[in-house]
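Text of the file my_file-v9.cif, holding mmCIF, C-alpha atoms (C1' of nucleotides):
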```
data_query
loop_
_atom_site.label_atom_id
_atom_site.label_comp_id
_atom_site.auth_asym_id
_atom_site.auth_seq_id
_atom_site.Cartn_x
_atom_site.Cartn_y
_atom_site.Cartn_z
CA MET A 8 40.32 -30.57 -62.55
CA VAL A 9 39.49 -30.03 -66.18
CA LYS A 10 37.84 -27.69 -68.56
CA ARG A 11 36.97 -27.85 -72.23
CA THR A 12 36.82 -25.98 -75.49
CA GLY A 13 34.83 -26.65 -78.64
CA THR A 14 36.94 -29.54 -79.84
CA GLY A 15 36.33 -32.32 -77.37
CA ILE A 16 39.72 -31.79 -75.78
CA TYR A 17 39.99 -31.32 -72.05
CA TYR A 18 42.64 -29.13 -70.56
CA SER A 19 44.02 -28.80 -67.06
CA ASN A 20 43.68 -25.57 -65.14
CA LYS A 21 47.37 -25.04 -65.56
CA GLU A 22 47.14 -25.33 -69.32
CA GLU A 23 44.16 -22.99 -69.45
CA THR A 24 45.81 -20.48 -67.17
CA LEU A 25 49.04 -20.46 -69.11
CA ALA A 26 47.17 -20.05 -72.40
CA LYS A 27 45.14 -17.21 -70.93
CA TYR A 28 48.16 -15.23 -69.81
CA ALA A 29 50.09 -16.02 -72.98
CA LYS A 30 47.20 -14.75 -75.05
CA ALA A 31 47.17 -11.51 -73.08
CA LEU A 32 50.88 -11.04 -73.87
CA ALA A 33 50.52 -12.09 -77.49
CA HIS A 34 50.21 -8.56 -78.82
CA PRO A 35 53.07 -6.05 -78.64
CA VAL A 36 50.74 -3.17 -77.78
CA ARG A 37 49.63 -5.00 -74.67
CA ILE A 38 53.24 -5.64 -73.76
CA ARG A 39 53.91 -1.97 -74.19
CA ILE A 40 50.99 -1.12 -71.93
CA LEU A 41 52.16 -3.51 -69.24
CA GLN A 42 55.70 -2.18 -69.41
CA PHE A 43 54.37 1.31 -68.97
CA LEU A 44 52.38 0.17 -65.96
CA GLU A 45 55.46 -1.56 -64.56
CA SER A 46 57.37 1.72 -64.75
CA GLN A 47 54.62 3.91 -63.35
CA ALA A 48 52.87 1.71 -60.81
CA CYS A 49 49.60 3.12 -62.15
CA CYS A 50 48.36 5.27 -64.98
CA PHE A 51 45.25 6.71 -66.59
CA THR A 52 43.91 5.66 -69.96
CA GLY A 53 44.66 9.14 -71.24
CA GLU A 54 48.37 8.75 -70.57
CA LEU A 55 48.40 5.68 -72.72
CA THR A 56 46.65 7.39 -75.60
CA VAL A 57 49.45 9.94 -75.53
CA GLU A 58 52.16 7.34 -75.17
CA ILE A 59 50.82 4.98 -77.85
CA PRO A 60 49.73 6.25 -81.28
CA LEU A 61 46.49 4.33 -81.56
CA ALA A 62 42.87 5.38 -81.36
CA GLN A 63 41.48 5.73 -77.86
CA SER A 64 38.94 3.02 -78.56
CA THR A 65 41.65 0.61 -79.60
CA ILE A 66 43.64 1.19 -76.44
CA SER A 67 40.52 0.82 -74.36
CA GLN A 68 39.96 -2.54 -76.01
CA HIS A 69 43.46 -3.74 -75.21
CA LEU A 70 42.99 -2.60 -71.63
CA LYS A 71 39.82 -4.63 -71.48
CA GLU A 72 41.63 -7.75 -72.60
CA LEU A 73 44.34 -7.26 -70.02
CA LYS A 74 41.64 -6.75 -67.42
CA ASP A 75 39.75 -9.85 -68.57
CA ALA A 76 42.95 -11.84 -68.25
CA GLY A 77 43.25 -10.44 -64.73
CA LEU A 78 46.66 -8.86 -65.25
CA ILE A 79 45.47 -5.34 -64.55
CA GLN A 80 42.70 -3.68 -62.62
CA GLY A 81 40.95 -0.39 -63.17
CA ASP A 82 39.82 1.94 -60.40
CA LEU A 83 37.23 4.58 -61.14
CA MET A 84 38.44 8.09 -60.43
CA PRO A 85 35.84 10.09 -62.32
CA PRO A 86 36.03 11.15 -64.92
CA ARG A 87 39.14 9.07 -65.31
CA VAL A 88 40.09 5.47 -64.73
CA LYS A 89 43.30 4.53 -63.00
CA TYR A 90 44.86 1.27 -64.12
CA CYS A 91 47.33 -0.72 -62.08
CA ILE A 92 48.96 -4.09 -62.40
CA ASN A 93 47.19 -6.74 -60.39
CA LYS A 94 50.10 -8.01 -58.37
CA LYS A 95 48.45 -11.25 -57.39
CA ALA A 96 47.76 -12.23 -60.99
CA TRP A 97 51.15 -10.93 -62.00
CA THR A 98 52.84 -13.22 -59.53
CA GLU A 99 50.70 -16.14 -60.60
CA ALA A 100 51.50 -15.50 -64.26
CA LYS A 101 55.18 -15.37 -63.54
CA GLN A 102 55.05 -18.63 -61.64
CA VAL A 103 53.02 -20.34 -64.33
CA PHE A 104 55.50 -19.35 -67.01
CA VAL A 105 58.54 -20.23 -64.95
CA SER A 106 57.21 -23.62 -63.96
CA PHE A 107 56.31 -24.29 -67.56
CA PHE A 108 59.80 -23.51 -68.78
CA ASP A 109 61.54 -25.26 -65.90
CA TYR A 110 61.95 -28.81 -66.99
CA SER A 111 65.19 -30.78 -67.00
CA SER A 112 67.44 -27.94 -68.18
CA MET B 1271 66.96 -1.52 -82.63
CA VAL B 1272 63.40 -1.34 -83.79
CA LYS B 1273 60.88 -3.05 -86.01
CA ARG B 1274 57.38 -2.22 -87.10
CA THR B 1275 53.93 -3.57 -87.81
CA GLY B 1276 51.13 -2.16 -89.92
CA THR B 1277 50.13 0.58 -87.52
CA GLY B 1278 53.01 2.98 -87.52
CA ILE B 1279 54.15 1.81 -84.11
CA TYR B 1280 57.72 0.72 -83.62
CA TYR B 1281 58.60 -2.03 -81.18
CA SER B 1282 61.86 -3.07 -79.62
CA ASN B 1283 63.34 -6.48 -80.29
CA LYS B 1284 62.46 -7.45 -76.76
CA GLU B 1285 58.83 -6.55 -77.25
CA GLU B 1286 58.66 -8.39 -80.55
CA THR B 1287 60.37 -11.44 -79.13
CA LEU B 1288 58.14 -11.61 -76.12
CA ALA B 1289 55.03 -11.24 -78.26
CA LYS B 1290 56.28 -13.95 -80.61
CA TYR B 1291 56.79 -16.49 -77.84
CA ALA B 1292 53.58 -15.51 -76.07
CA LYS B 1293 51.66 -16.00 -79.29
CA ALA B 1294 53.12 -19.46 -79.67
CA LEU B 1295 51.90 -20.32 -76.16
CA ALA B 1296 48.51 -18.69 -76.64
CA HIS B 1297 46.73 -21.89 -77.61
CA PRO B 1298 46.27 -24.80 -75.19
CA VAL B 1299 46.95 -27.39 -77.87
CA ARG B 1300 50.39 -25.93 -78.43
CA ILE B 1301 51.01 -25.95 -74.71
CA ARG B 1302 50.00 -29.57 -74.66
CA ILE B 1303 52.40 -30.34 -77.49
CA LEU B 1304 55.28 -28.59 -75.75
CA GLN B 1305 54.55 -30.38 -72.49
CA PHE B 1306 54.62 -33.66 -74.33
CA LEU B 1307 57.97 -32.73 -75.85
CA GLU B 1308 59.28 -31.71 -72.46
CA SER B 1309 58.43 -35.15 -71.10
CA GLN B 1310 59.80 -37.10 -74.06
CA ALA B 1311 62.78 -35.08 -75.23
CA CYS B 1312 61.58 -35.79 -78.77
CA CYS B 1313 58.60 -37.28 -80.56
CA PHE B 1314 57.15 -37.99 -83.97
CA THR B 1315 54.13 -36.22 -85.38
CA GLY B 1316 52.30 -39.55 -85.33
CA GLU B 1317 52.61 -39.79 -81.56
CA LEU B 1318 50.93 -36.45 -81.20
CA THR B 1319 48.03 -37.44 -83.44
CA VAL B 1320 47.45 -40.38 -81.09
CA GLU B 1321 47.90 -38.26 -77.98
CA ILE B 1322 45.74 -35.36 -79.12
CA PRO B 1323 42.30 -35.91 -80.66
CA LEU B 1324 42.63 -33.51 -83.57
CA ALA B 1325 43.06 -34.05 -87.28
CA GLN B 1326 46.60 -34.71 -88.46
CA SER B 1327 46.52 -31.56 -90.57
CA THR B 1328 45.57 -29.46 -87.56
CA ILE B 1329 48.38 -30.81 -85.46
CA SER B 1330 50.80 -30.30 -88.31
CA GLN B 1331 49.70 -26.70 -88.45
CA HIS B 1332 50.30 -26.16 -84.75
CA LEU B 1333 53.71 -27.75 -85.11
CA LYS B 1334 54.46 -25.32 -87.90
CA GLU B 1335 53.62 -22.39 -85.69
CA LEU B 1336 55.81 -23.65 -82.90
CA LYS B 1337 58.58 -24.16 -85.43
CA ASP B 1338 58.07 -20.67 -86.88
CA ALA B 1339 58.36 -19.25 -83.38
CA GLY B 1340 61.58 -21.22 -83.05
CA LEU B 1341 60.51 -23.18 -79.98
CA ILE B 1342 60.82 -26.56 -81.68
CA GLN B 1343 62.78 -28.06 -84.51
CA GLY B 1344 61.92 -30.93 -86.81
CA ASP B 1345 64.46 -33.46 -88.08
CA LEU B 1346 63.63 -35.56 -91.10
CA MET B 1347 63.75 -39.28 -90.39
CA PRO B 1348 61.88 -40.55 -93.44
CA PRO B 1349 59.16 -41.24 -93.65
CA ARG B 1350 58.71 -39.59 -90.28
CA VAL B 1351 59.65 -36.27 -88.73
CA LYS B 1352 61.16 -36.09 -85.27
CA TYR B 1353 60.37 -32.98 -83.29
CA CYS B 1354 62.41 -31.71 -80.37
CA ILE B 1355 62.41 -28.62 -78.26
CA ASN B 1356 64.94 -26.08 -79.43
CA LYS B 1357 66.82 -25.57 -76.20
CA LYS B 1358 68.42 -22.33 -77.24
CA ALA B 1359 65.07 -20.72 -78.04
CA TRP B 1360 63.53 -22.33 -74.98
CA THR B 1361 66.13 -20.72 -72.74
CA GLU B 1362 65.72 -17.40 -74.47
CA ALA B 1363 61.96 -17.56 -74.08
CA LYS B 1364 62.27 -18.33 -70.40
CA GLN B 1365 64.63 -15.42 -69.88
CA VAL B 1366 62.44 -13.04 -71.82
CA PHE B 1367 59.38 -13.94 -69.75
CA VAL B 1368 61.25 -13.84 -66.46
CA SER B 1369 62.84 -10.48 -67.15
CA PHE B 1370 59.48 -9.14 -68.21
CA PHE B 1371 57.81 -10.21 -65.00
CA ASP B 1372 60.71 -9.19 -62.78
CA TYR B 1373 60.11 -5.62 -61.97
CA SER B 1374 60.14 -4.08 -58.49
CA SER B 1375 58.26 -6.89 -56.78
"C1'" DT C 1416 20.70 22.86 -66.52
"C1'" DT C 1417 24.14 23.00 -69.73
"C1'" DT C 1418 28.77 21.96 -71.10
"C1'" DA C 1419 33.18 19.62 -71.09
"C1'" DT C 1420 36.00 15.75 -70.06
"C1'" DT C 1421 37.11 11.00 -69.88
"C1'" DC C 1422 36.62 6.52 -71.07
"C1'" DA C 1423 33.71 2.37 -72.46
"C1'" DT C 1424 31.03 0.41 -75.90
"C1'" DC C 1425 28.89 -0.22 -80.53
"C1'" DG C 1426 29.19 -1.29 -85.37
"C1'" DC C 1427 31.84 -2.20 -89.05
"C1'" DA C 1428 35.84 -3.88 -92.22
"C1'" DA C 1429 39.97 -6.28 -92.84
"C1'" DA C 1430 43.06 -9.49 -91.33
"C1'" DC C 1431 44.16 -13.49 -88.91
"C1'" DC C 1432 43.39 -18.12 -86.55
"C1'" DT C 1433 41.61 -22.78 -86.07
"C1'" DA C 1434 39.63 -26.64 -87.60
"C1'" DC C 1435 38.64 -30.07 -91.25
"C1'" DG C 1436 39.10 -33.28 -95.40
"C1'" DA C 1437 41.58 -33.82 -99.61
"C1'" DT C 1438 45.70 -33.67 -101.98
"C1'" DT C 1439 50.58 -33.70 -102.64
"C1'" DG C 1440 55.37 -34.96 -101.97
"C1'" DA C 1441 59.41 -37.42 -100.14
"C1'" DG C 1442 61.32 -41.67 -99.01
"C1'" DG C 1443 61.56 -46.61 -98.12
"C1'" DA C 1444 60.08 -51.42 -99.47
"C1'" DC C 1445 59.12 -54.32 -103.03
"C1'" DG D 366 59.34 -48.85 -112.00
"C1'" DT D 367 54.84 -49.38 -108.39
"C1'" DC D 368 53.13 -49.29 -103.81
"C1'" DC D 369 52.94 -47.70 -98.96
"C1'" DT D 370 53.51 -44.65 -95.14
"C1'" DC D 371 54.04 -40.37 -92.92
"C1'" DA D 372 53.59 -35.70 -92.70
"C1'" DA D 373 53.20 -31.08 -95.05
"C1'" DT D 374 50.32 -28.25 -97.64
"C1'" DC D 375 46.04 -26.69 -100.04
"C1'" DG D 376 41.41 -24.97 -99.96
"C1'" DT D 377 37.64 -23.71 -97.36
"C1'" DA D 378 34.31 -22.50 -93.57
"C1'" DG D 379 33.57 -20.32 -89.39
"C1'" DG D 380 35.20 -17.77 -85.58
"C1'" DT D 381 38.16 -14.33 -83.42
"C1'" DT D 382 41.16 -10.26 -83.26
"C1'" DT D 383 42.49 -5.68 -84.35
"C1'" DG D 384 41.82 -1.42 -85.96
"C1'" DC D 385 38.78 2.76 -86.68
"C1'" DG D 386 35.14 6.46 -86.02
"C1'" DA D 387 30.83 7.38 -83.81
"C1'" DT D 388 28.03 7.12 -79.95
"C1'" DG D 389 26.90 6.82 -75.04
"C1'" DA D 390 27.33 7.11 -69.90
"C1'" DA D 391 29.08 9.23 -65.87
"C1'" DT D 392 30.79 12.84 -63.45
"C1'" DA D 393 32.80 17.55 -62.60
"C1'" DA D 394 32.56 22.33 -63.67
"C1'" DA D 395 30.16 26.40 -64.98
#
```

Starting from the file, lay out its structure as structure tokens.
Amino acid sequence: MVKRTGTGIYYSNKEETLAKYAKALAHPVRIRILQFLESQACCFTGELTVEIPLAQSTISQHLKELKDAGLIQGDLMPPRVKYCINKKAWTEAKQVFVSFFDYSS
Amino acid sequence: MVKRTGTGIYYSNKEETLAKYAKALAHPVRIRILQFLESQACCFTGELTVEIPLAQSTISQHLKELKDAGLIQGDLMPPRVKYCINKKAWTEAKQVFVSFFDYSS
DNA sequence: TTTATTCATCGCAAACCTACGATTGAGGAC
DNA sequence: GTCCTCAATCGTAGGTTTGCGATGAATAAA
């Protein structure tokens, strides 16, 4: 099965998936957020704005990208939002990376 | 040991390294190039321009990014350049991703 | 109803990325 | 020396990302 971009090149699902997860991890702030979530199971946006010295809007944006990539999920707990790692996507991401790096050696 | 960006945030070497490798993998063309190198051990730029329907300059640019990230190396074989995967960096990248994804579960 | 809290979203500026064609440079072949 | 080939680099256009402050929506508390 294939998909395309704006260049006339077709990519496999595996290639698209790997690129999607890699893009999500391509910014150190998002890595920091994910590490925090790894250590806490879940957290609120507010905890991150304390932990990370960036504007609240900026952190919210990074959370959105992680959510769009599927790596995290947000549960409404008004007036707050509780974010957790999406374990299914997490496992998939890990597998995709490992199988990519596992060639001959 | 720490490093910084333009925001006043300091990141660990691990965070920087992971972000660096993730960024290199964040474009499907670069994934395609690395897969090709995995299957061939080595290749010339010219083979990639046949394999991938993009301008030679564009492919050269992607190769430069992979080289800057350390994932590949280019050996001069005039008038061509032979690219191979840098196994040391490849192994490091794999470890960095695996250890990132290996938390509790 | 009014107020306070929390977080998402909007709008903007600066920086960065991706693609291209054109040019340049390094070597070999002649 | 002059050509030829291969690939890197330059310059540029358009798109995307990253940051910010300001605004908005939703709910709880008063």

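Residues captured in this structure file are A:His34, A:Leu61, A:Ala62, A:Gln63, A:Ser64, A:Thr65, A:Gln68, A:His69, A:Met84, A:Pro85, A:Pro86, A:Arg87, according to the PyMOL selection byres ((chain A) within 10 of (chain D)).
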
Just fit chain A onto chain B on all the Cα atoms, in order, by least squares, and give it as a CSV table (one decimal) with C-alpha atoms, in the coordinates of the input.
```
chain,number,residue,atom,x,y,z
A,8,MET,CA,66.9,-1.5,-82.6
A,9,VAL,CA,63.4,-1.3,-83.8
A,10,LYS,CA,60.9,-3.0,-86.0
A,11,ARG,CA,57.4,-2.1,-87.1
A,12,THR,CA,53.9,-3.4,-87.8
A,13,GLY,CA,51.1,-2.0,-89.9
A,14,THR,CA,50.1,0.7,-87.5
A,15,GLY,CA,53.0,3.1,-87.4
A,16,ILE,CA,54.1,1.9,-84.1
A,17,TYR,CA,57.7,0.8,-83.6
A,18,TYR,CA,58.6,-2.0,-81.2
A,19,SER,CA,61.9,-3.0,-79.6
A,20,ASN,CA,63.3,-6.4,-80.3
A,21,LYS,CA,62.5,-7.4,-76.8
A,22,GLU,CA,58.8,-6.5,-77.3
A,23,GLU,CA,58.7,-8.4,-80.6
A,24,THR,CA,60.4,-11.4,-79.2
A,25,LEU,CA,58.1,-11.6,-76.1
A,26,ALA,CA,55.0,-11.2,-78.3
A,27,LYS,CA,56.3,-13.9,-80.6
A,28,TYR,CA,56.8,-16.5,-77.9
A,29,ALA,CA,53.6,-15.5,-76.1
A,30,LYS,CA,51.7,-16.0,-79.3
A,31,ALA,CA,53.1,-19.5,-79.7
A,32,LEU,CA,51.9,-20.3,-76.2
A,33,ALA,CA,48.5,-18.7,-76.7
A,34,HIS,CA,46.8,-21.9,-77.6
A,35,PRO,CA,46.3,-24.8,-75.2
A,36,VAL,CA,47.0,-27.4,-77.9
A,37,ARG,CA,50.4,-25.9,-78.4
A,38,ILE,CA,51.0,-26.0,-74.7
A,39,ARG,CA,50.0,-29.6,-74.7
A,40,ILE,CA,52.4,-30.3,-77.5
A,41,LEU,CA,55.3,-28.6,-75.8
A,42,GLN,CA,54.6,-30.4,-72.5
A,43,PHE,CA,54.6,-33.7,-74.3
A,44,LEU,CA,58.0,-32.7,-75.9
A,45,GLU,CA,59.3,-31.7,-72.4
A,46,SER,CA,58.4,-35.2,-71.1
A,47,GLN,CA,59.8,-37.1,-74.0
A,48,ALA,CA,62.8,-35.1,-75.2
A,49,CYS,CA,61.6,-35.8,-78.8
A,50,CYS,CA,58.6,-37.3,-80.5
A,51,PHE,CA,57.1,-38.0,-84.0
A,52,THR,CA,54.1,-36.2,-85.4
A,53,GLY,CA,52.3,-39.6,-85.3
A,54,GLU,CA,52.6,-39.8,-81.5
A,55,LEU,CA,50.9,-36.5,-81.2
A,56,THR,CA,48.0,-37.4,-83.4
A,57,VAL,CA,47.4,-40.4,-81.0
A,58,GLU,CA,47.9,-38.3,-77.9
A,59,ILE,CA,45.7,-35.3,-79.1
A,60,PRO,CA,42.3,-35.9,-80.6
A,61,LEU,CA,42.6,-33.5,-83.6
A,62,ALA,CA,43.0,-34.0,-87.3
A,63,GLN,CA,46.6,-34.7,-88.4
A,64,SER,CA,46.5,-31.6,-90.5
A,65,THR,CA,45.6,-29.5,-87.6
A,66,ILE,CA,48.4,-30.8,-85.5
A,67,SER,CA,50.8,-30.3,-88.3
A,68,GLN,CA,49.7,-26.7,-88.5
A,69,HIS,CA,50.3,-26.2,-84.8
A,70,LEU,CA,53.7,-27.8,-85.1
A,71,LYS,CA,54.5,-25.4,-87.9
A,72,GLU,CA,53.7,-22.4,-85.7
A,73,LEU,CA,55.8,-23.7,-82.9
A,74,LYS,CA,58.6,-24.2,-85.5
A,75,ASP,CA,58.1,-20.7,-86.9
A,76,ALA,CA,58.4,-19.3,-83.4
A,77,GLY,CA,61.6,-21.2,-83.1
A,78,LEU,CA,60.5,-23.2,-80.0
A,79,ILE,CA,60.8,-26.6,-81.7
A,80,GLN,CA,62.8,-28.1,-84.5
A,81,GLY,CA,62.0,-31.0,-86.8
A,82,ASP,CA,64.5,-33.5,-88.1
A,83,LEU,CA,63.6,-35.6,-91.1
A,84,MET,CA,63.7,-39.3,-90.4
A,85,PRO,CA,61.8,-40.6,-93.4
A,86,PRO,CA,59.1,-41.3,-93.6
A,87,ARG,CA,58.7,-39.6,-90.2
A,88,VAL,CA,59.7,-36.3,-88.7
A,89,LYS,CA,61.2,-36.1,-85.2
A,90,TYR,CA,60.4,-33.0,-83.3
A,91,CYS,CA,62.4,-31.7,-80.4
A,92,ILE,CA,62.4,-28.6,-78.3
A,93,ASN,CA,65.0,-26.1,-79.4
A,94,LYS,CA,66.8,-25.6,-76.2
A,95,LYS,CA,68.4,-22.3,-77.2
A,96,ALA,CA,65.1,-20.7,-78.0
A,97,TRP,CA,63.6,-22.3,-75.0
A,98,THR,CA,66.1,-20.7,-72.8
A,99,GLU,CA,65.7,-17.4,-74.5
A,100,ALA,CA,62.0,-17.6,-74.1
A,101,LYS,CA,62.3,-18.3,-70.5
A,102,GLN,CA,64.6,-15.4,-69.9
A,103,VAL,CA,62.4,-13.0,-71.9
A,104,PHE,CA,59.4,-13.9,-69.8
A,105,VAL,CA,61.2,-13.8,-66.5
A,106,SER,CA,62.8,-10.5,-67.2
A,107,PHE,CA,59.5,-9.1,-68.3
A,108,PHE,CA,57.8,-10.2,-65.0
A,109,ASP,CA,60.7,-9.2,-62.8
A,110,TYR,CA,60.1,-5.6,-61.9
A,111,SER,CA,60.0,-4.2,-58.4
A,112,SER,CA,58.2,-7.1,-56.8
```

Using all atoms listed in the file, tabulate the residues of chain C lying at most 12 Å from any atom of chain B, each with its closest atom pair and that distance in Å to one decimal, by chain and increasing residue number, as JSON lines.
```
{"residue": "C:DA1430", "atom": "C1'", "partner": "B:Gly1276", "partner_atom": "CA", "distance": 11.0}
{"residue": "C:DC1432", "atom": "C1'", "partner": "B:His1297", "partner_atom": "CA", "distance": 10.3}
{"residue": "C:DT1433", "atom": "C1'", "partner": "B:Thr1328", "partner_atom": "CA", "distance": 7.9}
{"residue": "C:DA1434", "atom": "C1'", "partner": "B:Thr1328", "partner_atom": "CA", "distance": 6.6}
{"residue": "C:DC1435", "atom": "C1'", "partner": "B:Ala1325", "partner_atom": "CA", "distance": 7.2}
{"residue": "C:DG1436", "atom": "C1'", "partner": "B:Ser1327", "partner_atom": "CA", "distance": 9.0}
{"residue": "C:DA1437", "atom": "C1'", "partner": "B:Ser1327", "partner_atom": "CA", "distance": 10.5}
{"residue": "C:DT1438", "atom": "C1'", "partner": "B:Ser1327", "partner_atom": "CA", "distance": 11.6}
{"residue": "C:DG1440", "atom": "C1'", "partner": "B:Pro1349", "partner_atom": "CA", "distance": 11.1}
{"residue": "C:DA1441", "atom": "C1'", "partner": "B:Pro1349", "partner_atom": "CA", "distance": 7.5}
{"residue": "C:DG1442", "atom": "C1'", "partner": "B:Pro1348", "partner_atom": "CA", "distance": 5.7}
{"residue": "C:DG1443", "atom": "C1'", "partner": "B:Pro1349", "partner_atom": "CA", "distance": 7.4}
{"residue": "C:DA1444", "atom": "C1'", "partner": "B:Pro1349", "partner_atom": "CA", "distance": 11.8}
```

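Put simply, atom CA of Glu1362 of chain B is 9.3 Å away from atom CA of Thr1287 of chain B.
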
### Message
What are the residues of chain B lining chain A at 6 Å or less? Count only C-alpha atoms, and put the answer as a PyMOL selection string.
### Response
chain B and resi 1285+1289+1292-1293+1295-1298+1364+1371

### Task
Figure out the distance between atom CA of Glu1335 of chain B and atom CA of Thr1315 of chain B, please, to one decimal in Å.
13.8 Å

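Computed from the coordinates, the atom CA of Ala1359 of chain B to atom CA of Thr1319 of chain B distance equals 24.5 Å.
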
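Distances to Leu83 of chain A were evaluated for C:DC1445, C:DT1417, C:DC1431, C:DC1422 using all atoms listed in the file, and the minimum falls at C:DC1422.
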
Quick one: 6 Å padding each side, axis-aligned, all listed atoms of segment 1434-1440 of chain C - centre and edge lengths in Å to one decimal, as lines of an AutoDock Vina configuration file?
```
center_x = 47.0
center_y = -30.8
center_z = -95.1
size_x = 28.7
size_y = 20.3
size_z = 27.0
```

Would you mind exporting segment 1420-1436 of chain C with N, CA, C and O atoms (P, O5', C5', C4', C3', O3' and C1' of nucleotides), as a compact mmCIF listing (two decimals), in the first residue's frame?
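What landed in result_14.txt:
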```
# COMPACT_ATOMS: atom_id res chain seq x y z
P DT C 1420 -7.41 32.37 39.93
O5' DT C 1420 -7.55 31.06 39.03
C5' DT C 1420 -8.19 29.91 39.60
C4' DT C 1420 -8.23 28.81 38.56
C3' DT C 1420 -6.90 28.59 37.84
O3' DT C 1420 -6.55 27.22 37.99
C1' DT C 1420 -8.69 28.77 36.29
P DT C 1421 -5.10 26.68 37.66
O5' DT C 1421 -5.32 26.02 36.21
C5' DT C 1421 -6.32 25.02 36.06
C4' DT C 1421 -6.56 24.78 34.60
C3' DT C 1421 -5.28 24.66 33.76
O3' DT C 1421 -5.21 23.34 33.25
C1' DT C 1421 -6.93 25.99 32.69
P DC C 1422 -3.88 22.75 32.61
O5' DC C 1422 -4.15 22.99 31.07
C5' DC C 1422 -5.27 22.31 30.47
C4' DC C 1422 -5.66 23.01 29.19
C3' DC C 1422 -4.58 23.01 28.10
O3' DC C 1422 -5.01 22.13 27.08
C1' DC C 1422 -5.75 25.10 28.26
P DA C 1423 -4.21 21.90 25.77
O5' DA C 1423 -5.07 22.73 24.70
C5' DA C 1423 -6.44 22.41 24.57
C4' DA C 1423 -7.11 23.32 23.54
C3' DA C 1423 -6.44 23.33 22.17
O3' DA C 1423 -7.48 23.35 21.19
C1' DA C 1423 -6.46 25.54 23.07
P DT C 1424 -7.12 23.24 19.67
O5' DT C 1424 -7.12 24.77 19.21
C5' DT C 1424 -8.29 25.54 19.39
C4' DT C 1424 -8.02 26.98 18.99
C3' DT C 1424 -7.29 27.14 17.65
O3' DT C 1424 -8.08 28.00 16.85
C1' DT C 1424 -6.30 28.48 19.31
P DC C 1425 -7.69 28.30 15.35
O5' DC C 1425 -7.28 29.85 15.39
C5' DC C 1425 -8.16 30.78 16.02
C4' DC C 1425 -7.50 32.16 16.06
C3' DC C 1425 -6.80 32.55 14.77
O3' DC C 1425 -7.16 33.88 14.43
C1' DC C 1425 -5.30 32.73 16.59
P DG C 1426 -6.87 34.42 12.98
O5' DG C 1426 -5.62 35.39 13.18
C5' DG C 1426 -5.57 36.26 14.31
C4' DG C 1426 -4.22 36.96 14.33
C3' DG C 1426 -3.54 37.07 12.96
O3' DG C 1426 -2.91 38.34 12.88
C1' DG C 1426 -2.13 35.90 14.44
P DC C 1427 -2.29 38.88 11.52
O5' DC C 1427 -0.73 38.93 11.85
C5' DC C 1427 -0.28 39.67 12.97
C4' DC C 1427 1.07 39.14 13.40
C3' DC C 1427 2.14 39.14 12.32
O3' DC C 1427 3.08 40.15 12.62
C1' DC C 1427 2.24 37.22 13.72
P DA C 1428 4.16 40.60 11.53
O5' DA C 1428 5.52 39.96 12.06
C5' DA C 1428 6.00 40.31 13.35
C4' DA C 1428 7.21 39.45 13.67
C3' DA C 1428 8.29 39.45 12.60
O3' DA C 1428 9.55 39.60 13.24
C1' DA C 1428 7.56 37.22 13.03
P DA C 1429 10.85 39.89 12.37
O5' DA C 1429 11.66 38.52 12.57
C5' DA C 1429 11.92 38.07 13.89
C4' DA C 1429 12.36 36.63 13.82
C3' DA C 1429 13.49 36.39 12.82
O3' DA C 1429 14.55 35.75 13.51
C1' DA C 1429 11.72 34.85 12.49
P DA C 1430 15.95 35.52 12.82
O5' DA C 1430 15.95 33.93 12.64
C5' DA C 1430 15.53 33.12 13.73
C4' DA C 1430 15.16 31.75 13.21
C3' DA C 1430 16.21 31.15 12.27
O3' DA C 1430 16.66 29.95 12.85
C1' DA C 1430 14.01 30.88 11.40
P DC C 1431 17.85 29.13 12.17
O5' DC C 1431 17.05 27.97 11.41
C5' DC C 1431 16.07 27.23 12.13
C4' DC C 1431 15.26 26.41 11.15
C3' DC C 1431 16.12 25.60 10.18
O3' DC C 1431 15.74 24.23 10.31
C1' DC C 1431 14.35 26.71 9.05
P DC C 1432 16.54 23.08 9.51
O5' DC C 1432 15.49 22.65 8.39
C5' DC C 1432 14.14 22.58 8.72
C4' DC C 1432 13.34 22.11 7.52
C3' DC C 1432 14.05 21.15 6.58
O3' DC C 1432 13.11 20.14 6.24
C1' DC C 1432 13.36 23.09 5.38
P DT C 1433 13.43 18.94 5.27
O5' DT C 1433 12.96 19.54 3.87
C5' DT C 1433 11.59 19.48 3.53
C4' DT C 1433 11.43 19.90 2.09
C3' DT C 1433 12.25 19.06 1.10
O3' DT C 1433 11.37 18.64 0.07
C1' DT C 1433 12.61 21.35 0.74
P DA C 1434 11.74 17.37 -0.81
O5' DA C 1434 12.08 18.03 -2.21
C5' DA C 1434 11.00 18.53 -2.99
C4' DA C 1434 11.41 19.71 -3.80
C3' DA C 1434 12.49 19.47 -4.87
O3' DA C 1434 11.91 18.94 -6.04
C1' DA C 1434 12.66 21.64 -3.86
P DC C 1435 12.81 18.43 -7.23
O5' DC C 1435 13.26 19.78 -7.93
C5' DC C 1435 12.26 20.64 -8.50
C4' DC C 1435 12.92 21.91 -8.97
C3' DC C 1435 14.08 21.67 -9.91
O3' DC C 1435 13.61 21.75 -11.25
C1' DC C 1435 14.59 23.35 -8.26
P DG C 1436 14.56 21.34 -12.44
O5' DG C 1436 15.44 22.65 -12.65
C5' DG C 1436 14.81 23.87 -13.04
C4' DG C 1436 15.87 24.97 -13.13
C3' DG C 1436 16.98 24.72 -14.14
O3' DG C 1436 17.31 25.98 -14.73
C1' DG C 1436 17.94 24.94 -12.00
```
